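Peer 1: One file is attached below, start.csv, containing CSV, C-alpha atoms.
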```csv
chain,number,residue,atom,x,y,z
K,1,MET,CA,-5.0,24.5,3.6
K,2,LYS,CA,-2.1,23.1,1.6
K,3,PHE,CA,-1.9,19.6,0.2
K,4,ALA,CA,1.5,18.2,-0.9
K,5,ILE,CA,1.2,15.5,-3.5
K,6,VAL,CA,4.3,13.4,-3.8
K,7,VAL,CA,5.2,12.4,-7.3
K,8,PHE,CA,7.3,9.3,-7.8
K,9,PRO,CA,8.4,8.1,-11.3
K,10,GLY,CA,5.4,6.1,-12.3
K,11,SER,CA,2.8,7.8,-10.1
K,12,ASN,CA,-0.3,8.2,-12.3
K,13,CYS,CA,-3.0,9.4,-9.9
K,14,ASP,CA,-1.0,12.5,-8.8
K,15,HIS,CA,-3.1,14.6,-11.1
K,16,ASP,CA,-6.4,13.0,-9.9
K,17,ALA,CA,-5.3,14.0,-6.3
K,18,TYR,CA,-4.4,17.5,-7.5
K,19,HIS,CA,-7.7,18.0,-9.3
K,20,ALA,CA,-9.7,16.7,-6.3
K,21,THR,CA,-7.9,18.9,-3.7
K,22,LYS,CA,-7.4,22.0,-5.8
K,23,HIS,CA,-10.4,22.2,-8.1
K,24,VAL,CA,-13.1,20.2,-6.3
K,25,LEU,CA,-12.2,21.2,-2.7
K,26,GLY,CA,-10.7,24.6,-3.6
K,27,GLN,CA,-7.6,24.1,-1.5
K,28,ASP,CA,-4.0,24.8,-2.3
K,29,ALA,CA,-2.2,21.9,-3.8
K,30,GLU,CA,1.4,21.4,-4.9
K,31,PHE,CA,3.3,18.5,-6.5
K,32,VAL,CA,6.6,17.5,-4.7
K,33,TRP,CA,9.0,15.5,-6.9
K,34,HIS,CA,10.3,12.4,-5.1
K,35,LYS,CA,13.9,13.6,-5.2
K,36,GLU,CA,13.1,16.8,-3.3
K,37,THR,CA,13.7,16.8,0.4
K,38,ASP,CA,11.6,19.8,1.3
K,39,LEU,CA,7.8,19.3,1.4
K,40,ARG,CA,7.4,23.1,1.5
K,41,GLU,CA,5.3,23.2,4.7
K,42,PRO,CA,2.1,21.4,3.7
K,43,ASP,CA,-0.9,20.7,6.0
K,44,VAL,CA,-1.5,17.3,4.5
K,45,VAL,CA,0.6,15.0,2.4
K,46,ILE,CA,-0.8,12.6,-0.2
K,47,LEU,CA,1.1,9.6,-1.6
K,48,PRO,CA,-0.9,9.0,-4.7
K,49,GLY,CA,-1.7,5.9,-6.7
K,50,GLY,CA,0.3,4.6,-9.7
K,51,PHE,CA,3.2,2.3,-10.3
K,52,ALA,CA,6.2,4.0,-8.6
K,53,HIS,CA,9.4,2.7,-10.2
K,54,GLY,CA,7.3,0.4,-12.3
K,55,ASP,CA,6.4,-1.7,-9.3
K,56,TYR,CA,9.8,-3.3,-9.8
K,57,LEU,CA,10.9,-5.7,-7.0
K,58,ARG,CA,7.8,-5.2,-5.0
K,59,THR,CA,5.1,-2.4,-5.0
K,60,GLY,CA,6.5,0.5,-3.1
K,61,ALA,CA,9.8,-1.2,-2.3
K,62,ILE,CA,12.0,1.2,-4.3
K,63,ALA,CA,9.9,4.3,-3.6
K,64,ARG,CA,10.3,4.0,0.1
K,65,PHE,CA,14.0,4.9,-0.3
K,66,SER,CA,13.3,8.0,-2.3
K,67,PRO,CA,14.9,11.2,-0.9
K,68,VAL,CA,11.5,12.7,-0.1
K,69,MET,CA,10.6,9.9,2.2
K,70,ASP,CA,12.7,11.1,5.2
K,71,SER,CA,10.6,14.3,5.2
K,72,VAL,CA,7.4,12.3,4.8
K,73,ARG,CA,8.3,10.2,7.8
K,74,ALA,CA,9.2,13.3,9.9
K,75,PHE,CA,5.9,14.9,8.8
K,76,ALA,CA,4.0,11.8,9.9
K,77,GLU,CA,5.9,11.4,13.2
K,78,ALA,CA,5.1,15.0,14.1
K,79,GLY,CA,1.4,13.9,14.1
K,80,ASN,CA,0.4,15.5,10.8
K,81,PRO,CA,-2.1,13.9,8.4
K,82,LEU,CA,-0.6,11.6,5.8
K,83,ILE,CA,-2.7,9.5,3.4
K,84,GLY,CA,-1.4,6.8,1.0
K,85,ILE,CA,-3.9,5.9,-1.7
K,86,CYS,CA,-3.4,2.6,-3.6
K,87,ASN,CA,0.3,2.6,-4.6
K,88,GLY,CA,0.8,5.2,-1.9
K,89,PHE,CA,-0.6,2.7,0.7
K,90,GLN,CA,1.9,0.1,-0.7
K,91,VAL,CA,4.7,2.7,-0.2
K,92,LEU,CA,3.6,3.3,3.4
K,93,LEU,CA,3.6,-0.4,4.2
K,94,GLU,CA,7.1,-0.9,2.7
K,95,ALA,CA,8.3,2.2,4.6
K,96,GLY,CA,7.0,0.7,7.8
K,97,LEU,CA,4.8,3.7,8.5
K,98,LEU,CA,1.8,1.3,8.5
K,99,PRO,CA,2.0,-2.4,9.5
K,100,GLY,CA,1.6,-5.4,7.1
K,101,ALA,CA,2.3,-6.0,3.5
K,102,MET,CA,0.6,-6.5,0.1
K,103,LEU,CA,0.3,-9.7,-1.7
K,104,ARG,CA,-0.9,-10.2,-5.3
K,105,ASN,CA,-4.7,-10.3,-5.6
K,106,THR,CA,-6.0,-13.8,-5.3
K,107,GLU,CA,-7.5,-13.7,-8.8
K,108,LYS,CA,-6.3,-10.9,-11.0
K,109,TYR,CA,-5.9,-7.2,-11.5
K,110,LYS,CA,-9.2,-5.5,-10.6
K,111,CYS,CA,-10.5,-2.2,-12.0
K,112,GLU,CA,-14.0,-1.7,-10.7
K,113,TYR,CA,-16.2,0.1,-8.2
K,114,VAL,CA,-16.2,-1.4,-4.7
K,115,HIS,CA,-18.1,-0.6,-1.6
K,116,ALA,CA,-16.0,0.4,1.4
K,117,ARG,CA,-17.5,0.7,4.8
K,118,VAL,CA,-16.1,3.3,7.1
K,119,GLU,CA,-15.2,1.4,10.3
K,120,GLN,CA,-13.9,4.3,12.4
K,121,THR,CA,-14.4,8.0,12.3
K,122,ASP,CA,-11.7,9.2,14.7
K,123,THR,CA,-9.1,9.8,12.0
K,124,PRO,CA,-8.4,13.0,10.1
K,125,PHE,CA,-9.6,11.3,6.9
K,126,THR,CA,-12.9,9.9,8.2
K,127,ASN,CA,-14.1,12.4,10.8
K,128,LEU,CA,-17.0,13.7,8.6
K,129,CYS,CA,-18.2,10.2,7.9
K,130,ALA,CA,-20.8,8.3,9.8
K,131,ARG,CA,-19.6,5.0,11.3
K,132,GLY,CA,-20.8,2.2,9.0
K,133,GLN,CA,-21.3,4.6,6.1
K,134,VAL,CA,-20.8,2.7,2.8
K,135,LEU,CA,-18.8,4.6,0.2
K,136,LYS,CA,-18.9,3.6,-3.5
K,137,ILE,CA,-15.3,4.1,-4.6
K,138,PRO,CA,-13.2,2.6,-7.5
K,139,ILE,CA,-10.2,0.3,-7.1
K,140,ALA,CA,-7.6,-0.3,-9.7
K,141,HIS,CA,-4.8,-2.7,-8.5
K,142,GLY,CA,-3.2,-6.1,-8.9
K,143,GLU,CA,-1.6,-6.1,-5.5
K,144,GLY,CA,-4.1,-5.1,-2.9
K,145,ASN,CA,-4.3,-8.4,-1.0
K,146,TYR,CA,-3.6,-7.1,2.5
K,147,TYR,CA,-1.6,-9.4,4.7
K,148,ALA,CA,-0.1,-9.3,8.2
K,149,ASP,CA,0.6,-12.0,10.7
K,150,PRO,CA,-2.3,-13.1,12.9
K,151,ASP,CA,-1.0,-11.1,15.9
K,152,THR,CA,-0.7,-7.9,13.9
K,153,VAL,CA,-4.2,-8.3,12.4
K,154,ALA,CA,-5.6,-9.0,15.9
K,155,GLY,CA,-3.8,-5.9,17.2
K,156,LEU,CA,-5.2,-3.8,14.3
K,157,GLU,CA,-8.8,-4.9,15.1
K,158,ALA,CA,-8.4,-4.5,18.9
K,159,ASN,CA,-7.0,-1.0,18.5
K,160,ARG,CA,-9.7,0.0,15.9
K,161,GLN,CA,-7.0,0.6,13.2
K,162,VAL,CA,-9.1,-1.0,10.4
K,163,ILE,CA,-10.6,2.1,8.9
K,164,PHE,CA,-12.2,0.8,5.7
K,165,ARG,CA,-13.5,-2.7,4.9
K,166,TYR,CA,-14.8,-4.1,1.6
K,167,VAL,CA,-18.5,-4.8,1.9
K,168,SER,CA,-21.6,-5.5,-0.2
K,169,PRO,CA,-23.7,-2.6,-1.3
K,170,LYS,CA,-25.8,-3.2,1.8
K,171,GLY,CA,-22.7,-3.0,4.0
K,172,GLU,CA,-22.0,-6.6,4.8
K,173,ALA,CA,-18.4,-7.8,4.8
K,174,THR,CA,-18.8,-11.0,2.7
K,175,ALA,CA,-16.4,-13.1,0.8
K,176,GLU,CA,-18.0,-12.0,-2.5
K,177,SER,CA,-17.5,-8.3,-1.7
K,178,ASN,CA,-13.7,-8.8,-1.1
K,179,PRO,CA,-12.1,-8.0,-4.5
K,180,ASN,CA,-8.5,-9.1,-3.7
K,181,GLY,CA,-8.4,-11.6,-0.9
K,182,SER,CA,-7.4,-9.1,1.8
K,183,LEU,CA,-7.5,-10.5,5.4
K,184,ASN,CA,-10.7,-9.5,7.2
K,185,ASN,CA,-11.8,-7.6,4.1
K,186,ILE,CA,-9.4,-4.9,5.0
K,187,ALA,CA,-9.4,-2.0,2.5
K,188,GLY,CA,-7.7,0.6,4.6
K,189,ILE,CA,-5.9,1.0,8.0
K,190,CYS,CA,-4.4,3.7,10.1
K,191,ASN,CA,-1.3,3.8,12.4
K,192,ALA,CA,-1.4,3.7,16.2
K,193,THR,CA,-1.5,7.5,16.4
K,194,ARG,CA,-4.3,7.5,13.8
K,195,ASN,CA,-2.8,10.4,11.7
K,196,VAL,CA,-1.4,8.1,8.9
K,197,VAL,CA,-4.1,6.3,6.8
K,198,GLY,CA,-3.6,4.0,3.8
K,199,LEU,CA,-6.3,2.6,1.6
K,200,MET,CA,-6.5,0.7,-1.7
K,201,PRO,CA,-9.7,2.3,-3.0
K,202,HIS,CA,-9.4,5.7,-4.8
K,203,PRO,CA,-11.4,8.4,-3.0
K,204,GLU,CA,-9.8,11.1,-5.1
K,205,ARG,CA,-11.3,9.5,-8.2
K,206,ALA,CA,-14.8,9.6,-6.8
K,207,CYS,CA,-15.3,13.3,-6.0
K,208,GLU,CA,-17.7,14.3,-8.7
K,209,SER,CA,-21.1,12.6,-9.4
K,210,GLN,CA,-20.5,13.3,-13.2
K,211,LEU,CA,-17.6,10.8,-13.0
K,212,GLY,CA,-19.7,8.1,-11.4
K,213,SER,CA,-19.5,8.7,-7.7
K,214,ALA,CA,-18.9,11.6,-5.3
K,215,ASP,CA,-18.6,9.3,-2.3
K,216,GLY,CA,-14.9,9.7,-2.0
K,217,LYS,CA,-15.1,13.5,-1.5
K,218,VAL,CA,-15.9,13.1,2.2
K,219,VAL,CA,-12.4,11.5,2.8
K,220,LEU,CA,-10.7,14.7,1.6
K,221,GLU,CA,-13.2,17.0,3.1
K,222,SER,CA,-12.7,15.3,6.4
K,223,VAL,CA,-9.0,16.3,6.6
K,224,VAL,CA,-9.8,19.9,5.7
K,225,SER,CA,-12.4,19.9,8.5
K,226,ALA,CA,-10.0,18.2,10.9
K,227,LEU,CA,-7.3,20.8,10.3
K,228,ILE,CA,-9.7,23.7,10.6
K,229,THR,CA,-10.9,22.3,14.0
K,230,ARG,CA,-7.3,21.9,15.0
K,231,ILE,CA,-6.4,25.5,14.1
U,1,MET,CA,32.7,-13.1,-5.7
U,2,LYS,CA,29.1,-13.7,-6.6
U,3,ALA,CA,26.4,-13.7,-4.0
U,4,ARG,CA,23.1,-15.4,-4.9
U,5,VAL,CA,20.0,-14.4,-3.0
U,6,PHE,CA,16.9,-16.6,-3.1
U,7,VAL,CA,13.8,-14.8,-1.8
U,8,THR,CA,10.7,-16.9,-1.0
U,9,LEU,CA,7.3,-16.2,0.6
U,10,LYS,CA,7.1,-17.5,4.1
U,11,PRO,CA,5.4,-20.9,4.3
U,12,SER,CA,2.5,-19.4,6.2
U,13,VAL,CA,1.8,-16.8,3.4
U,14,PHE,CA,-0.6,-17.8,0.6
U,15,ASP,CA,1.0,-17.4,-2.8
U,16,PRO,CA,-1.6,-16.3,-5.4
U,17,GLN,CA,0.9,-16.6,-8.3
U,18,GLY,CA,2.1,-20.1,-7.2
U,19,HIS,CA,-1.6,-21.2,-6.9
U,20,THR,CA,-2.4,-20.0,-10.4
U,21,ILE,CA,0.7,-21.8,-11.8
U,22,THR,CA,-0.4,-25.0,-10.0
U,23,GLU,CA,-3.8,-24.8,-11.5
U,24,ALA,CA,-2.3,-24.3,-15.0
U,25,LEU,CA,-0.1,-27.3,-14.5
U,26,HIS,CA,-3.1,-29.4,-13.5
U,27,GLN,CA,-4.9,-28.3,-16.6
U,28,MET,CA,-1.8,-29.4,-18.6
U,29,GLY,CA,-2.1,-32.8,-17.1
U,30,TYR,CA,0.7,-32.6,-14.5
U,31,ASP,CA,-1.5,-33.9,-11.7
U,32,GLY,CA,1.5,-35.0,-9.7
U,33,VAL,CA,2.4,-31.4,-8.9
U,34,ASP,CA,0.8,-30.7,-5.6
U,35,ASP,CA,1.9,-27.1,-5.1
U,36,VAL,CA,4.1,-24.4,-6.6
U,37,ARG,CA,5.7,-21.6,-4.7
U,38,GLN,CA,7.1,-18.7,-6.7
U,39,GLY,CA,10.1,-16.8,-5.5
U,40,LYS,CA,12.8,-14.4,-6.7
U,41,TYR,CA,16.5,-14.9,-7.5
U,42,PHE,CA,19.1,-12.2,-7.4
U,43,GLU,CA,22.8,-12.4,-8.4
U,44,LEU,CA,25.1,-9.7,-6.9
U,45,ASN,CA,28.4,-9.3,-8.6
U,46,LEU,CA,31.0,-8.2,-5.9
U,47,PRO,CA,34.4,-8.2,-7.6
U,48,ASP,CA,36.4,-6.9,-4.6
U,49,ALA,CA,34.7,-8.8,-1.8
U,50,SER,CA,35.9,-11.8,0.1
U,51,ALA,CA,33.5,-14.6,0.7
U,52,ASP,CA,32.7,-13.4,4.2
U,53,GLN,CA,32.3,-9.8,3.0
U,54,ALA,CA,30.0,-11.0,0.2
U,55,ARG,CA,27.9,-13.0,2.6
U,56,THR,CA,27.6,-10.0,5.0
U,57,LEU,CA,26.7,-7.5,2.3
U,58,ALA,CA,24.2,-9.8,0.6
U,59,GLY,CA,22.5,-10.4,4.0
U,60,GLU,CA,22.3,-6.7,4.6
U,61,VAL,CA,20.7,-5.8,1.2
U,62,ALA,CA,18.4,-8.8,1.4
U,63,GLN,CA,17.2,-7.6,4.8
U,64,LYS,CA,16.9,-4.0,3.8
U,65,LEU,CA,15.6,-4.2,0.2
U,66,LEU,CA,15.5,-7.5,-1.7
U,67,ALA,CA,13.1,-9.2,0.8
U,68,ASN,CA,10.2,-7.9,2.8
U,69,PRO,CA,10.5,-9.5,6.2
U,70,VAL,CA,6.8,-9.2,6.8
U,71,ILE,CA,6.0,-11.8,4.1
U,72,GLU,CA,9.3,-13.2,2.8
U,73,SER,CA,12.4,-15.0,3.9
U,74,TYR,CA,15.8,-15.4,2.1
U,75,ARG,CA,18.7,-17.7,1.6
U,76,ILE,CA,22.2,-16.7,0.5
U,77,GLU,CA,24.9,-18.6,-1.4
U,78,VAL,CA,28.4,-17.2,-2.1
U,79,ALA,CA,30.5,-18.5,-5.0
U,80,GLU,CA,33.6,-17.5,-6.9
```
Before anything else, please render the file you have as structure tokens.
Peer 2:
Amino acid sequence: MKFAIVVFPGSNCDHDAYHATKHVLGQDAEFVWHKETDLREPDVVILPGGFAHGDYLRTGAIARFSPVMDSVRAFAEAGNPLIGICNGFQVLLEAGLLPGAMLRNTEKYKCEYVHARVEQTDTPFTNLCARGQVLKIPIAHGEGNYYADPDTVAGLEANRQVIFRYVSPKGEATAESNPNGSLNNIAGICNATRNVVGLMPHPERACESQLGSADGKVVLESVVSALITRI
Amino acid sequence: MKARVFVTLKPSVFDPQGHTITEALHQMGYDGVDDVRQGKYFELNLPDASADQARTLAGEVAQKLLANPVIESYRIEVAE
């Protein structure tokens, strides 16, 4: 199983994603520089967290025009699993591969553990989860306030495209458990064909209990399992 | 020609930065400020373009890059 981890100038969770996939999961992993156009036949593509192009203009706004993005789009449109984590999620939104946009957090930059409830398990990144499972995963962002117009949000809910929601440790979606002002406590969504997932929390940073939580590991394990089942 | 592009959040979109600025102004005693909306301003220098060309080009880049149509709208001015 080969993971391609796209590296933009300013990505800073690329090595976290590499460590989690290569050393924790024991899979093949390769970096792909954003100026490359060949993804080198991966099974999964990760757009990692960070500050691509310094977050200049808007988060993800410049990165979406990187040469690699045409291949990323083709990879996703062929139905392959693509995940954007934090800044990677922001890039997917700007690229139109997922609906909506990010606004600044209602309060401030937040770097802390949150609880994310798995809302749907029929995606390649959540198929090993239980519905309603609460994952303790860190966030680190200033612009994770998910916004879309009311029709789009209603469509996401109706089509079960909200995959992760910020909740209390007990699993309740409350205003207090929402770290950034996201509509409907949305922490992660998928596209209509369910193979592209974006989320603000960092599962790749929560893969070893020694580092505080191993709850994120199931997200990456899910995609390995999904691909084995497919093969 | 110079094209000026003003990008603002759509009225329906909450502006966390504008809200924080409004709160600061109230703390400073400017109680008459009801609301602040923060936007972006771009100046494109287009030495060889006519006014029409400048307007068209600015519209194109505003749509494609400078503004995110999901949350923002834009206005263009063209000047010598």
Peer 1: What gap, in Å, lies between atom CA of Val91 of chain K and atom CA of Gly198 of chain K?
Peer 2: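 Separating atom CA of Val91 of chain K from atom CA of Gly198 of chain K is a distance of 9.3 Å.
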Peer 1: Which chain K residues have any atom within 10 Å of an atom of chain U, and for each, what is the nearest pair of atoms with distance in Å to one decimal, counting all atoms listed in the file, rows sorted by chain and number, as a tab-separated table?
Peer 2:
```
residue	atom	partner	partner_atom	distance
K:Leu57	CA	U:Leu66	CA	7.2
K:Arg58	CA	U:Asn68	CA	8.6
K:Ala61	CA	U:Leu65	CA	7.0
K:Ile62	CA	U:Leu65	CA	7.9
K:Arg64	CA	U:Leu65	CA	9.8
K:Phe65	CA	U:Leu65	CA	9.3
K:Leu93	CA	U:Val70	CA	9.7
K:Glu94	CA	U:Asn68	CA	7.7
K:Gly96	CA	U:Val70	CA	10.0
K:Pro99	CA	U:Val70	CA	8.8
K:Gly100	CA	U:Val70	CA	6.4
K:Ala101	CA	U:Val70	CA	6.4
K:Met102	CA	U:Ile71	CA	8.6
K:Leu103	CA	U:Pro16	CA	7.8
K:Arg104	CA	U:Pro16	CA	6.1
K:Asn105	CA	U:Pro16	CA	6.8
K:Thr106	CA	U:Pro16	CA	5.1
K:Glu107	CA	U:Pro16	CA	7.3
K:Lys108	CA	U:Pro16	CA	9.1
K:Asn145	CA	U:Pro16	CA	9.4
K:Tyr147	CA	U:Ile71	CA	8.0
K:Ala148	CA	U:Val70	CA	7.0
K:Asp149	CA	U:Val70	CA	7.8
K:Gly181	CA	U:Pro16	CA	9.4
```
Peer 1: Residues proximal to (20.9, -7.2, -4.4) were defined as those with any atom within 10 Å of that point in the file's coordinates, counting all atoms listed in the file. Which are they, as a ChimeraX atom specification?
Peer 2: /U:3-5,41-45,57-67
Peer 1: Any idea what the distance is between atom CA of Tyr109 of chain K and atom CA of Pro48 of chain K?
Peer 2: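 We find that atom CA of Tyr109 of chain K and atom CA of Pro48 of chain K lie 18.3 Å from each other.
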Peer 1: Go ahead and compute the interatomic distance for atom CA of Asp48 of chain U and atom CA of Glu77 of chain U, in Å to one decimal.
Peer 2: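 Value for the atom CA of Asp48 of chain U-atom CA of Glu77 of chain U distance: 16.7 Å.
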Peer 1: Show me, as a count of residues only, the residues that have an atom within 12 Å of Gly32 of chain U when counting all atoms listed in the file, minus same-chain residues fewer than 5 positions from it.
Peer 2: 5
Peer 1: Between K:Glu157, K:Glu143, K:Asp55, K:Glu41, which residue has the minimum interatomic distance to Val72 of chain K, considering all atoms listed in the file?
Peer 2: K:Glu41
Peer 1: Which residue gives the smallest distance to Ser50 of chain U among U:Val78, U:Val36, U:Gly18, U:Lys10, with only C-alpha atoms counted?
Peer 2: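 Of U:Val78, U:Val36, U:Gly18, U:Lys10, the one nearest Ser50 of chain U, counting only C-alpha atoms, is U:Val78.
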